[in-house]
Amino acid sequence: MGDYGRTFGEVYDDWYPPEFGDGTAAVAALARFGAGGEALELGVGTGRIAIPLARRGVRVHGVDSSPEMLRRLRGKPGGHLVRTVLADMADCDLGRRFTLVYSVFNSLFCLPDQARQTACLAVAARHLAPGGRLVVDHQIPAGVSPGISARHFHTEEDRFRFSLVDCDPVTQVMDRRTVVVTDGDTVSYRSVIRYVWPGELDLMAAAAGLVPLARAADWKGSPMSADSPGCVSVYRHRAPGEGAKA
Ligand SMILES: C[S@@+](CC[C@H](N)C(=O)[O-])C[C@H]1O[C@@H](n2cnc3c(N)ncnc32)[C@H](O)[C@@H]1O
């Protein structure tokens with residue numbers, strides 16, 4: 001636990017500014033779900049989403065297992081608006097409930113296997129107030145096939161960045177090296193993720209006593225299609241006697 005910030009802390013905010021990956025629309029949508037209440041982000045990182053959400057009047061709490069990511073959050077303008085907790089999002093109890101619990105930008109994928117991801121959804125359900133909403137946002141990996149592929153190309157003035165991804169479709173694990181090339185230097189950053197398909201997410205949510213309410217391809221509510229690059233899912237608690245519908 002906690003390695004993420006040691007690897008990515010230094011570069012995270014440069015690579016992923018608040019508006020990256022539709023971040024602005026994410027904040028607007030989450031502000032509607034959290035209006036008038038309190039929100040909990042699982043895997044809050046450096047507060048890329050949590051800080052702008054807190055600026056919109058939602059009282060935001062954030063769990064993360066990386067001391068380094070939380071240190072960076074607290075050092076940012078507006079960082080004091082987010083109440084941070086150093087904890088494992090698959091195994092924690094804050095002893096209170098929230099109107100909105102959310103996981104964005106593939107944070108769920110940081111958990112190494114299905115059991116821990118399911119445990120994380122149980123944590124989310126436990127922290128959800130009656131009538132509250134869980135929102136989960138993640139990528140849908142394109143062209144999943146075994147072996148190594150290169151993706152995510154990004155060019156800046158003096159550097160070139162891309163990822164080499166070794167994918168195992170059986171375990172759904174991607175072992176990724178993000179490589180930054182400058183003149184005379186090459187640096188590599190390793191991350192291992194386990195991706196989840198939307199149907200699998202629904203089953204994990206069902207096991208946690210949650211039922212799906214809505215699903216879209218992005219934060220603007222675009223309908224899902226066969227080639228949607230992402231997925232935003234909304235869940236609520238299953239009502240007593242409602243049955244375990246997924
Ligand atoms: C991809 S980053 C996303 C951060 C933030 N949600 C954002 O949108 O920028 C994933 C975050 O999840 C955190 N994380 C990974 N495993 C965790 C765990 N078991 N418990 C809590 N946080 C974890 C990492 O430290 C990292 O900050």
# chains A, B, ... in the order shown; residues from 1 in each chain; ligands from 1
>>> select_by_dssp(residues="segment 3-246 of chain A", states="helix (DSSP H, G or I)", output="VMD selection string")
chain A and resid 3 to 15 20 to 34 50 to 55 67 to 74 79 to 81 107 to 110 114 to 126 198 to 207
>>> residues_around(residues="His152 of chain A", least_positions_apart="4", cutoff="8 Å", atoms="only C-alpha atoms", output="list in words")
Arg161, Phe162 and Ser163 of chain A
>>> residues_near_ligand(ligand="ligand 1", cutoff="8 Å", atoms="only C-alpha atoms and all ligand atoms", output="PyMOL selection string")
chain A and resi 1-5+12+16+18+23+41-50+63-67+69-70+86-91+103-108+110-111
>>> write_last_selection(atoms="C-alpha atoms", output="CSV table (one decimal), in the first residue's frame")
chain,number,residue,atom,x,y,z
A,1,MET,CA,0.0,0.0,0.0
A,2,GLY,CA,1.1,3.6,-0.5
A,3,ASP,CA,3.5,3.1,-3.4
A,4,TYR,CA,1.5,5.1,-5.9
A,5,GLY,CA,2.7,8.5,-4.7
A,12,TYR,CA,1.0,13.4,-11.3
A,16,TYR,CA,-3.2,15.0,-15.1
A,18,PRO,CA,-7.8,19.1,-13.2
A,23,GLY,CA,-12.3,16.5,-15.1
A,41,GLU,CA,-13.8,10.1,-2.5
A,42,LEU,CA,-12.1,6.7,-2.5
A,43,GLY,CA,-8.5,7.2,-3.9
A,44,VAL,CA,-8.6,11.0,-3.6
A,45,GLY,CA,-4.9,11.3,-4.8
A,46,THR,CA,-3.7,14.9,-5.0
A,47,GLY,CA,-7.3,16.3,-5.0
A,48,ARG,CA,-7.5,16.8,-8.7
A,49,ILE,CA,-11.3,16.4,-8.5
A,50,ALA,CA,-11.9,16.7,-4.7
A,63,VAL,CA,-9.3,8.4,1.5
A,64,ASP,CA,-6.0,7.5,0.0
A,65,SER,CA,-3.3,4.9,0.9
A,66,SER,CA,-0.4,7.1,-0.3
A,67,PRO,CA,1.0,9.6,2.3
A,69,MET,CA,-0.4,11.9,-2.7
A,70,LEU,CA,-2.1,13.3,0.4
A,86,LEU,CA,-4.8,7.8,5.2
A,87,ALA,CA,-6.4,4.4,4.8
A,88,ASP,CA,-7.0,1.5,2.5
A,89,MET,CA,-10.2,2.1,0.4
A,90,ALA,CA,-10.8,-1.7,0.4
A,91,ASP,CA,-10.7,-1.9,4.2
A,103,SER,CA,-14.4,6.7,-7.3
A,104,VAL,CA,-13.0,8.4,-10.4
A,105,PHE,CA,-10.2,8.1,-12.9
A,106,ASN,CA,-9.7,4.4,-12.5
A,107,SER,CA,-8.9,4.5,-8.8
A,108,LEU,CA,-10.8,1.2,-8.4
A,110,CYS,CA,-5.5,0.3,-8.5
A,111,LEU,CA,-6.7,-2.6,-6.3
>>> closest_residue(among="A:Val82, A:Val234, A:Ala25, A:Ile148", to="Pro212 of chain A", atoms="only C-alpha atoms")
A:Val234
>>> select_by_dssp(residues="segment 9-207 of chain A", states="strand (DSSP E)", output="ChimeraX atom specification")
/A:38-42,59-64,82-86,98-103,128-139,147-155,159-168,173-182,185-194
>>> residues_around(residues="Asp22 of chain A", least_positions_apart="5", cutoff="9 Å", atoms="only C-alpha atoms", output="list in words")
Val27, Asp218, Trp219 and Lys220 of chain A
>>> closest_residue(among="A:Ser222, A:Ser191, A:Thr178, A:Thr7", to="Phe109 of chain A", atoms="only C-alpha atoms")
A:Ser191
>>> closest_residue(among="A:Leu210, A:Leu164, A:Ala205, A:Leu30", to="Gln117 of chain A", atoms="only C-alpha atoms")
A:Ala205
>>> residues_around(residues="Leu134 of chain A", least_positions_apart="6", cutoff="10 Å", atoms="only C-alpha atoms", output="list in words")
Phe33, Ala39, Leu40, Glu41, Phe98, Thr99, Leu100, Val101, Tyr102, Ser103, Leu121, Ala124, Ala125, His127, Leu128, Ala205, Leu210, Val211, Pro212, Leu213, Ser233, Val234, Tyr235, Arg236 and His237 of chain A
>>> write_last_selection(atoms="C-alpha atoms", output="compact mmCIF listing (two decimals), in the first residue's frame")
# COMPACT_ATOMS: atom_id res chain seq x y z
CA PHE A 33 -24.96 14.41 -6.75
CA ALA A 39 -18.98 13.46 -0.20
CA LEU A 40 -16.33 10.78 0.19
CA GLU A 41 -13.76 10.12 -2.55
CA PHE A 98 -22.08 10.37 3.09
CA THR A 99 -24.63 11.62 0.57
CA LEU A 100 -22.16 10.85 -2.22
CA VAL A 101 -19.37 8.28 -2.38
CA TYR A 102 -17.32 8.30 -5.54
CA SER A 103 -14.35 6.68 -7.25
CA LEU A 121 -17.51 -1.52 -3.18
CA ALA A 124 -18.48 2.37 -0.47
CA ALA A 125 -21.89 0.87 0.38
CA HIS A 127 -20.35 4.72 3.88
CA LEU A 128 -23.40 5.63 1.81
CA ALA A 205 -22.00 -3.66 -6.57
CA LEU A 210 -26.23 -1.82 -4.36
CA VAL A 211 -28.38 -1.55 -7.47
CA PRO A 212 -27.58 0.33 -10.67
CA LEU A 213 -29.46 3.55 -11.33
CA SER A 233 -22.06 4.27 -13.28
CA VAL A 234 -24.43 5.40 -10.54
CA TYR A 235 -25.68 3.09 -7.75
CA ARG A 236 -27.95 3.30 -4.72
CA HIS A 237 -28.69 0.96 -1.83
>>> atom_distance(atom1="atom CA of Arg59 of chain A", atom2="atom CA of Gly37 of chain A")
6.8 Å
>>> residues_around(residues="Gly57 of chain A", least_positions_apart="3", cutoff="10 Å", atoms="only C-alpha atoms", output="list in words")
Ala31, Gly34, Ala35, Gly36, Gly37, Glu38, Pro52, Leu53, Ala54, Val60 and Leu81 of chain A
>>> closest_residue(among="A:Ala207, A:Tyr195, A:Gly9, A:Asp158", to="Asp183 of chain A", atoms="only C-alpha atoms")
A:Asp158
>>> residues_around(residues="Val180 of chain A", least_positions_apart="3", cutoff="9 Å", atoms="only C-alpha atoms", output="PyMOL selection string")
chain A and resi 159-163+185-189
>>> write_last_selection(atoms="C-alpha atoms", output="CSV table (one decimal), in the first residue's frame")
chain,number,residue,atom,x,y,z
A,159,ARG,CA,9.7,15.3,-24.3
A,160,PHE,CA,7.7,12.4,-25.6
A,161,ARG,CA,5.6,10.2,-23.3
A,162,PHE,CA,4.0,6.8,-24.0
A,163,SER,CA,3.0,3.7,-22.2
A,185,ASP,CA,17.4,10.6,-20.9
A,186,THR,CA,14.7,8.0,-20.5
A,187,VAL,CA,12.7,7.5,-17.3
A,188,SER,CA,10.1,4.8,-16.8
A,189,TYR,CA,7.2,4.7,-14.2
>>> closest_residue(among="A:Arg126, A:Met204, A:Pro169, A:Arg176", to="Ser149 of chain A", atoms="only C-alpha atoms")
A:Arg176
>>> atom_distance(atom1="atom CA of Asp175 of chain A", atom2="atom CA of Ala208 of chain A")
27.8 Å
>>> closest_residue(among="A:Pro229, A:Glu156, A:Cys120, A:Gly221", to="Trp15 of chain A", atoms="only C-alpha atoms")
A:Glu156
>>> atom_distance(atom1="atom CA of Ser228 of chain A", atom2="atom CA of Asp166 of chain A")
21.6 Å
>>> decode(residues="segment 37-66 of chain A", atoms="C-alpha atoms", output="short mmCIF file (atom, residue, chain, number, x, y, z; two decimals), in the first residue's frame")
data_model
loop_
_atom_site.label_atom_id
_atom_site.label_comp_id
_atom_site.auth_asym_id
_atom_site.auth_seq_id
_atom_site.Cartn_x
_atom_site.Cartn_y
_atom_site.Cartn_z
CA GLY A 37 -24.40 17.06 1.60
CA GLU A 38 -21.02 15.54 2.21
CA ALA A 39 -18.98 13.46 -0.20
CA LEU A 40 -16.33 10.78 0.19
CA GLU A 41 -13.76 10.12 -2.55
CA LEU A 42 -12.07 6.71 -2.52
CA GLY A 43 -8.53 7.16 -3.87
CA VAL A 44 -8.55 10.95 -3.64
CA GLY A 45 -4.95 11.35 -4.81
CA THR A 46 -3.72 14.94 -4.97
CA GLY A 47 -7.28 16.28 -4.96
CA ARG A 48 -7.55 16.83 -8.71
CA ILE A 49 -11.33 16.38 -8.48
CA ALA A 50 -11.89 16.75 -4.71
CA ILE A 51 -10.53 20.30 -4.43
CA PRO A 52 -12.65 21.83 -7.23
CA LEU A 53 -15.65 19.89 -5.88
CA ALA A 54 -15.07 21.32 -2.41
CA ARG A 55 -14.82 24.79 -3.95
CA ARG A 56 -18.34 24.23 -5.28
CA GLY A 57 -19.67 23.93 -1.75
CA VAL A 58 -19.65 20.16 -1.23
CA ARG A 59 -17.91 19.08 1.98
CA VAL A 60 -15.43 16.54 0.63
CA HIS A 61 -13.56 13.84 2.51
CA GLY A 62 -10.88 11.81 0.76
CA VAL A 63 -9.33 8.44 1.52
CA ASP A 64 -5.98 7.47 0.03
CA SER A 65 -3.31 4.93 0.94
CA SER A 66 -0.44 7.09 -0.28
#
